[in-house]
Structures are given as C-alpha cells and as structure tokens.
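Heads up: the structure comes next, in structure tokens.
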Amino acid sequence: MSSGLLRDVFITGTGVFLPGDPVGVDTMEDFIGRIGGRSSAVGRRALRWNGVETRHYALTPDGRPLHSNASMTAAATKAALENAGLSIGQLGHLATATTQGDYIVPGHASAVHAELGAGPIEIASYQSVCASALMAAKGAWLQVLAGEAEVAASAAGEFSSRWFRPEFYEGTSLVDAKGRARVEADFLRFTLSDGAGAVVMEPRPRPDGLSLKVEWIDLTSLAGRFDPCMWAGSTFADRADMTSAWSHAGPVAAHAAGSVALVQDFELLKIVIRAWIGVWLEKVDSGRIVPDAVDHLLCHYSARSLRDEIVSVLKSTAAMIPEEKWFSNLPSVGNIGAASIWVMLDEFMRSGRARTGEKVLLIVPESGRAMVGFMMCEVV
Amino acid sequence: MADGTRVDDQVADTLRKLAVVFADFEQRLEATPLIRKLTRGRFELADYQLFLINLRQQVKDGALWMSRAASNIGETHLELRSTLMRHAVTEHRDFRLLEADFVCSGGEVEVIRSAPKNVGSEAISAWMFHEASRPDPFGLLGAMFIIEGLGSIKAAPWGRLVKERLALPDEAVRFLLYHGENDAEHMREFEEMLRMVLPDAAVAERIVMTARVTARLYALQIEEIAA
C-alpha cells in the first residue's frame, strides 16, 4: 500500500471444523434420510457427476444433530486463531458467512460470537451462498486495512444436511404422487454437506511460518440480470416475484408449496456458468489477473463436470491456468458451500506446496443469483 | 484448443474479448421480456410466432450482407472471400425453413412474409449493410461471432423449450433445433477466419467493436418483440 492511511493485510491463520467421520458414497443417504422411505433415483447420477468420494455430516446416521452451524463456525474460528498463535480475547472483528444460519433472526455472526464465548467485539453477518465467504473476507480485510481492527476473522459455516431431511420435502409440491422428489430439489441433497472454515487477518505477517498477503478481493454480482438460480424461500415458478416469497405466504402454506427447501434451476445454471466465465475473461483482459503469474489456483466448484466445461473455453482464449496449478480437496471433503474455500485454503497451506513469493488465486463462483468472487494473495 | 495446438496470441486475445462481449450479450438477452417469458413465464404460441416473424428479417438479410461483405474483400484475402461466399450460400435459404416452421405452428405464410421489420431489426440490418459496404470489412467477423454464437449456444435450448412448452412437433421448431447441431464445426471455422486477418491490432479492435454494436442491436431486436 502506498497510502500511509492504509495497511497491508495478511492471513496469519487458517482453521477448519469437519463434523464426524468421513461419510462414503454408499452410506450418505442414511444421514440425510430417504424421502418417502425410498432411495433417491437421481442420487447416483448426482454423485457420479460431482466426483465427491467422502464428505462430513453434522448429523448422526439417524438424522440427529451433533452440532449447530454456529458451533461448527465457532470451532473453525478458534482453530484459525490457534493456528495464528492468537487467543479468542485478541479477536476484534468477526465477519461470518453462511447460506442458512441456525436462526432466521438474528444474524449468523451473533450466534457464532455467542458460541465463541468472546467478550464484546464487532461483528458482521454476510449471507448468500458460496460467495458469501468472500463477502465476509472482504469485510474483514477492509477492517484491518483501514485500521479499524488489529485481528479480524472471516469464518464460514454450513449445516446443509438438516435441510435435506425428508420432512422438508414430504407433503409438499416438491414430491409427486409416487413419492419421488423433484430432481431440482433432490440433486442438491447429494451435492452439499456440512462443515466450517475460517481465516484470521492481521496487519503484519505471522512471526513464524508462512502468511498470505491479501492483494485484492473483487466480487461481481449479476443479480440484476438473472432470476435466482439456487434458492430457498420461493416456489419454482414465482421465484422472481418477491411478493410470493415464503414470508408472504406464511410458513404452513409456504411449506406445502415447496418454498422452504433449497432448489436449483439447472437450465439457468448453464447460462450462469457462462456469465462467470465472462467475468473471469474480463479480469484477464483488463490485466487484473495474469494467468501466467498465478502459481496456485484454488477454485471452488460444485462438480468435476462443471470444471471440464469451463476449461475448454479458457484454453481457446489464453485465459487458462494450467491444471497442475489447481488445488482442490473436493473429493475428500465434498462441497461445503461458503465454507469450502477456507477448508481448501487450510489444506493447501498445510500441504507444503506454498513457497514465498508465489501468487495464490482463490475463486468462488456462486449460482445463488449469479455472483463470483476473486481473491488474490501472495505467499510471504 | 481441442487438438492441443496453441493459437496465436492475438487470435486468443480477440476470442477472449469476443467471449466477454458474448457473455454480456447473453445476459441482456436473458433479461428481455420475450426470453424471460420463454424460460420462466407464460410463453404462448403467439409469442413463438412473433419470435419467428421477427427473426426472419435478420436471417434473410444475413446471407445478403455476407455476400456484400465478400464482394468487398480485396484480392489479398481471397480465401476469406471464398469462405464468406460459401457461408452465404449455405445460409441464404434458411429463412424459408423459418417460414415453414411458422406455417407448421399454425401461421399463415403471407403473415410472416409481409411483416415489417421492428426497430431493432431495422437498426441491425442497416448496420450490417453499412459495415459490409466498406472495403475489406473484416470487422464483420465480430458480428458473425455474435450471430453464430447465438445459433450454436442459444438456439437449440430455446428450440427445446419452445417445443416442450407449446407441445409442438419437431417440424414446427426446425430452425431453432437445427442450429445447435453444427456448433463445434462453426467455432473451428471461425478461428480459421480470424487467422486469415490477424494479427493486426486495428482489425482486431474493429472486430470486437463490431461484435459489441451487433450484440447491442440484436438484443434491441428481441426487446422490441412485444411480450
């Protein structure tokens, strides 16, 4: 930073909390349950498509919760503080991200703060789907950058599995007369899982070991151009009409209409993917991102097959970052929504791959309502 | 590239800029009343027929401006001239297919043949013929990228949606369905055409600008279809 008013900001610690033991493909449906008592027809296809081998659930095999979203997010935050060599008392600003918190009101940050048991601190809740992780990171980064906080944490947690239990679908319009769940809802049940991740930011690098200097964070929302692509709170047909949202219909009617469960519009997703690529290509074109100068790419993606589609376009436009520079732990931890990027970063930092002076690029596309976030760091 | 060869940097640069323009174009299209109706609203037979009526104008003119562009390409770029002429020949009767779809969907052929251009169709047509009339009108490759991209990426999904939502037979949706099939071949051909005129910074810039204007006017054409 050239301005004396602003400071450099470093990620000095990362932390992860993954509940329970890894759950393999064969037993995962025991955890989220079977709608109408029958195994899902689309489940196998979803699992083949996303390439996840093991994942974690904050539920027992019979659907009983072992944790809350807040307690997992707090555990990851503690782990990140510990990794940075700091105590909870030193935390000044907590920025949290999640798709769906434990409560509807108040925000996730309040619940995480309570679970942390920390004294009075400043908090901020960011809520969206996967890219909310980078929204919160940007908030935390700006706090430290501007001198408002000496230690800020950006923490993301998800407890998706509880929303995938049969009672969220049974007796709603998402299940047909034969007891089969609508594919747009059922597919996600096999896509998302639970866990939390966090990073700690400070105005100086850690005294020992490697830190990441945050160079910039860019978020682009294209919500002005698209209807929701992955959402909960509205029916499929009326999702763009806010007056038909669940909050207007009331909880009982909303549940019957299938507006409570999380759903995805796959046709729209294909278009949104091209929109993400457009934002990426624009950044390459403007010189914001120089593919050859990136040493490691950590890109959140929900499925292996989506990545293949993206790669072919990037190659013909000289915007590709060679595959040997990609780092992912999707097969072993699954897609944990907003938490994924920090869980990936934590494993990356522990992998021994990072070398001083290298550039690490984090990308988090979000289908929610067409958003994509980028974060550029340098290993110091 | 699919075959593992690396394209010239300026070809890749131009393709990247064109992809950015196309992404913006696709987002604008998605937000037009007609396409929103098709993808998420109450799309009716009358909407499909209006869609065909309004598309016909640009499809009919497409092969014509391409021929004119070919006739203005100088001797130093004979190969590109040949390619454009072949292209024009392939496509110059496509509007008949569109008319047949219209009739098959229950429309009167006289209605589609006598319909006037909408504001956007007028604008895009005037723009294309203007560009095609310049000497060595290489910028039109940008216009082709947009229109071919529309054909290869959007037409088939639109066609499937129309067919499904209106319960029409294949014979009433052939123009849209047929376009998606030649996707990969067209992109390869397009890259070859780019290589015939690049590297040349001014030409590259003109190609991208022409794509931008074409995309904007094309979206206007769709916006103008009452929905």
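Just so we're on the same page: first chain in the structure tokens is A, next is B, and so on; residues restart at 1 for each chain, and ligands are numbered from 1 in the order they show up.
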Kindly assemble as CSV a list of the chain B residues that lie within 12 Å of chain A, each paired with its nearest atom pair and their distance in Å to one decimal, using only C-alpha atoms, sorted first by chain and then by ascending residue number.
residue,atom,partner,partner_atom,distance
B:Met1,CA,A:Ser316,CA,5.1
B:Ala2,CA,A:Ser312,CA,7.5
B:Asp3,CA,A:Ser316,CA,10.6
B:Gly4,CA,A:Lys315,CA,9.2
B:Thr5,CA,A:Ser316,CA,9.6
B:Arg6,CA,A:Ser316,CA,7.9
B:Val7,CA,A:Ser316,CA,7.2
B:Asp8,CA,A:Ala318,CA,9.3
B:Asp9,CA,A:Ala318,CA,7.4
B:Gln10,CA,A:Thr317,CA,9.5
B:Val11,CA,A:Thr317,CA,8.0
B:Ala12,CA,A:Thr317,CA,4.4
B:Asp13,CA,A:Thr317,CA,6.2
B:Thr14,CA,A:Thr317,CA,7.8
B:Leu15,CA,A:Thr317,CA,5.5
B:Arg16,CA,A:Thr317,CA,4.7
B:Lys17,CA,A:Asp285,CA,7.0
B:Leu18,CA,A:Thr317,CA,9.4
B:Ala19,CA,A:Gly278,CA,6.6
B:Val20,CA,A:Gly278,CA,4.9
B:Val21,CA,A:Gly278,CA,8.0
B:Phe22,CA,A:Gly278,CA,8.0
B:Ala23,CA,A:Gly278,CA,5.2
B:Asp24,CA,A:Gly278,CA,7.5
B:Phe25,CA,A:Ala275,CA,9.9
B:Glu26,CA,A:Ile271,CA,8.0
B:Gln27,CA,A:Arg225,CA,5.9
B:Arg28,CA,A:Arg225,CA,7.0
B:Leu29,CA,A:Arg225,CA,9.2
B:Glu30,CA,A:Arg225,CA,7.3
B:Ala31,CA,A:Arg225,CA,5.9
B:Thr32,CA,A:Arg225,CA,9.6
B:Pro33,CA,A:Arg225,CA,11.9
B:Ile35,CA,A:Phe226,CA,11.6
B:Arg36,CA,A:Asp227,CA,9.3
B:Lys37,CA,A:Ala237,CA,11.3
B:Thr39,CA,A:Leu268,CA,8.6
B:Arg40,CA,A:Ala237,CA,6.9
B:Gly41,CA,A:Ala237,CA,7.8
B:Arg42,CA,A:Ala237,CA,10.0
B:Ile153,CA,A:Ile271,CA,9.6
B:Lys154,CA,A:Ile271,CA,9.4
B:Pro157,CA,A:Glu267,CA,8.8
B:Trp158,CA,A:Glu267,CA,10.7
B:Arg160,CA,A:Glu267,CA,11.4
B:Leu161,CA,A:Glu267,CA,10.2
B:Ala184,CA,A:Ser312,CA,11.7
B:Met187,CA,A:Ser316,CA,10.4
B:Arg188,CA,A:Ser316,CA,10.5
B:Glu191,CA,A:Ser316,CA,9.5
Query - Within 9 Å of A:Ile217 using only C-alpha atoms, minus same-chain residues under 4 positions, as an MDAnalysis selection string - result: chainID A and resid 134:135 137:138 141 373:376
Take the selection from the previous step and output its residues with all heavy atoms, as an mmCIF file, in the first residue's frame.
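This is the output file result_37.cif:
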data_model
loop_
_atom_site.group_PDB
_atom_site.id
_atom_site.type_symbol
_atom_site.label_atom_id
_atom_site.label_comp_id
_atom_site.auth_asym_id
_atom_site.auth_seq_id
_atom_site.Cartn_x
_atom_site.Cartn_y
_atom_site.Cartn_z
ATOM 1 N N LEU A 134 -16.374 -14.895 0.529
ATOM 2 C CA LEU A 134 -15.512 -13.787 0.099
ATOM 3 C C LEU A 134 -16.111 -12.425 0.435
ATOM 4 O O LEU A 134 -15.383 -11.450 0.605
ATOM 5 C CB LEU A 134 -15.180 -13.896 -1.389
ATOM 6 C CG LEU A 134 -14.233 -15.039 -1.757
ATOM 7 C CD1 LEU A 134 -13.797 -14.943 -3.223
ATOM 8 C CD2 LEU A 134 -12.992 -15.077 -0.860
ATOM 9 N N MET A 135 -17.432 -12.353 0.569
ATOM 10 C CA MET A 135 -18.040 -11.103 1.061
ATOM 11 C C MET A 135 -17.509 -10.829 2.471
ATOM 12 O O MET A 135 -17.094 -9.710 2.787
ATOM 13 C CB MET A 135 -19.565 -11.242 1.178
ATOM 14 C CG MET A 135 -20.337 -11.330 -0.091
ATOM 15 S SD MET A 135 -22.083 -11.552 0.425
ATOM 16 C CE MET A 135 -22.889 -11.520 -1.123
ATOM 17 N N ALA A 137 -14.855 -12.102 3.816
ATOM 18 C CA ALA A 137 -13.399 -11.883 3.763
ATOM 19 C C ALA A 137 -13.098 -10.440 3.377
ATOM 20 O O ALA A 137 -12.190 -9.808 3.918
ATOM 21 C CB ALA A 137 -12.758 -12.849 2.760
ATOM 22 N N LYS A 138 -13.890 -9.918 2.454
ATOM 23 C CA LYS A 138 -13.655 -8.536 2.035
ATOM 24 C C LYS A 138 -13.942 -7.582 3.196
ATOM 25 O O LYS A 138 -13.197 -6.631 3.420
ATOM 26 C CB LYS A 138 -14.503 -8.172 0.813
ATOM 27 C CG LYS A 138 -14.224 -6.769 0.304
ATOM 28 C CD LYS A 138 -14.303 -6.658 -1.185
ATOM 29 C CE LYS A 138 -13.763 -5.315 -1.661
ATOM 30 N NZ LYS A 138 -13.746 -5.185 -3.118
ATOM 31 N N TRP A 141 -11.069 -7.926 5.658
ATOM 32 C CA TRP A 141 -9.861 -7.341 5.055
ATOM 33 C C TRP A 141 -9.893 -5.817 5.152
ATOM 34 O O TRP A 141 -8.916 -5.178 5.565
ATOM 35 C CB TRP A 141 -9.794 -7.795 3.585
ATOM 36 C CG TRP A 141 -8.715 -7.191 2.755
ATOM 37 C CD1 TRP A 141 -7.369 -7.284 2.968
ATOM 38 C CD2 TRP A 141 -8.884 -6.409 1.557
ATOM 39 N NE1 TRP A 141 -6.692 -6.620 1.972
ATOM 40 C CE2 TRP A 141 -7.598 -6.081 1.096
ATOM 41 C CE3 TRP A 141 -9.987 -5.985 0.829
ATOM 42 C CZ2 TRP A 141 -7.390 -5.326 -0.069
ATOM 43 C CZ3 TRP A 141 -9.785 -5.243 -0.324
ATOM 44 C CH2 TRP A 141 -8.507 -4.918 -0.760
ATOM 45 N N GLY A 373 -16.657 -14.339 -6.946
ATOM 46 C CA GLY A 373 -15.679 -13.587 -6.169
ATOM 47 C C GLY A 373 -14.268 -14.074 -6.463
ATOM 48 O O GLY A 373 -14.059 -15.261 -6.738
ATOM 49 N N PHE A 374 -13.307 -13.150 -6.390
ATOM 50 C CA PHE A 374 -11.903 -13.461 -6.631
ATOM 51 C C PHE A 374 -11.080 -12.878 -5.489
ATOM 52 O O PHE A 374 -11.368 -11.773 -5.025
ATOM 53 C CB PHE A 374 -11.404 -12.820 -7.932
ATOM 54 C CG PHE A 374 -12.176 -13.243 -9.161
ATOM 55 C CD1 PHE A 374 -13.383 -12.645 -9.489
ATOM 56 C CD2 PHE A 374 -11.677 -14.235 -9.996
ATOM 57 C CE1 PHE A 374 -14.085 -13.020 -10.624
ATOM 58 C CE2 PHE A 374 -12.371 -14.623 -11.127
ATOM 59 C CZ PHE A 374 -13.577 -14.018 -11.446
ATOM 60 N N MET A 375 -10.055 -13.591 -5.083
ATOM 61 C CA MET A 375 -9.169 -13.077 -4.038
ATOM 62 C C MET A 375 -7.748 -13.427 -4.429
ATOM 63 O O MET A 375 -7.431 -14.592 -4.667
ATOM 64 C CB MET A 375 -9.536 -13.735 -2.707
ATOM 65 C CG MET A 375 -8.682 -13.333 -1.534
ATOM 66 S SD MET A 375 -9.455 -14.023 -0.033
ATOM 67 C CE MET A 375 -8.310 -13.491 1.208
ATOM 68 N N MET A 376 -6.901 -12.421 -4.523
ATOM 69 C CA MET A 376 -5.505 -12.651 -4.919
ATOM 70 C C MET A 376 -4.611 -12.462 -3.695
ATOM 71 O O MET A 376 -4.702 -11.453 -2.997
ATOM 72 C CB MET A 376 -5.098 -11.665 -6.017
ATOM 73 C CG MET A 376 -3.710 -11.905 -6.571
ATOM 74 S SD MET A 376 -3.591 -13.420 -7.561
ATOM 75 C CE MET A 376 -4.076 -12.774 -9.165
#
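All residues of stretch 173-203 of chain A that DSSP, run on the backbone, classes as alpha helix (DSSP H) are A:Val183, A:Glu184, A:Ala185, A:Asp186, A:Phe187, A:Leu188, A:Arg189.
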Report task. Provide the atom CA of B:Met128 to atom CA of B:Leu64 distance in Å, to one decimal place. Result -> 9.6 Å
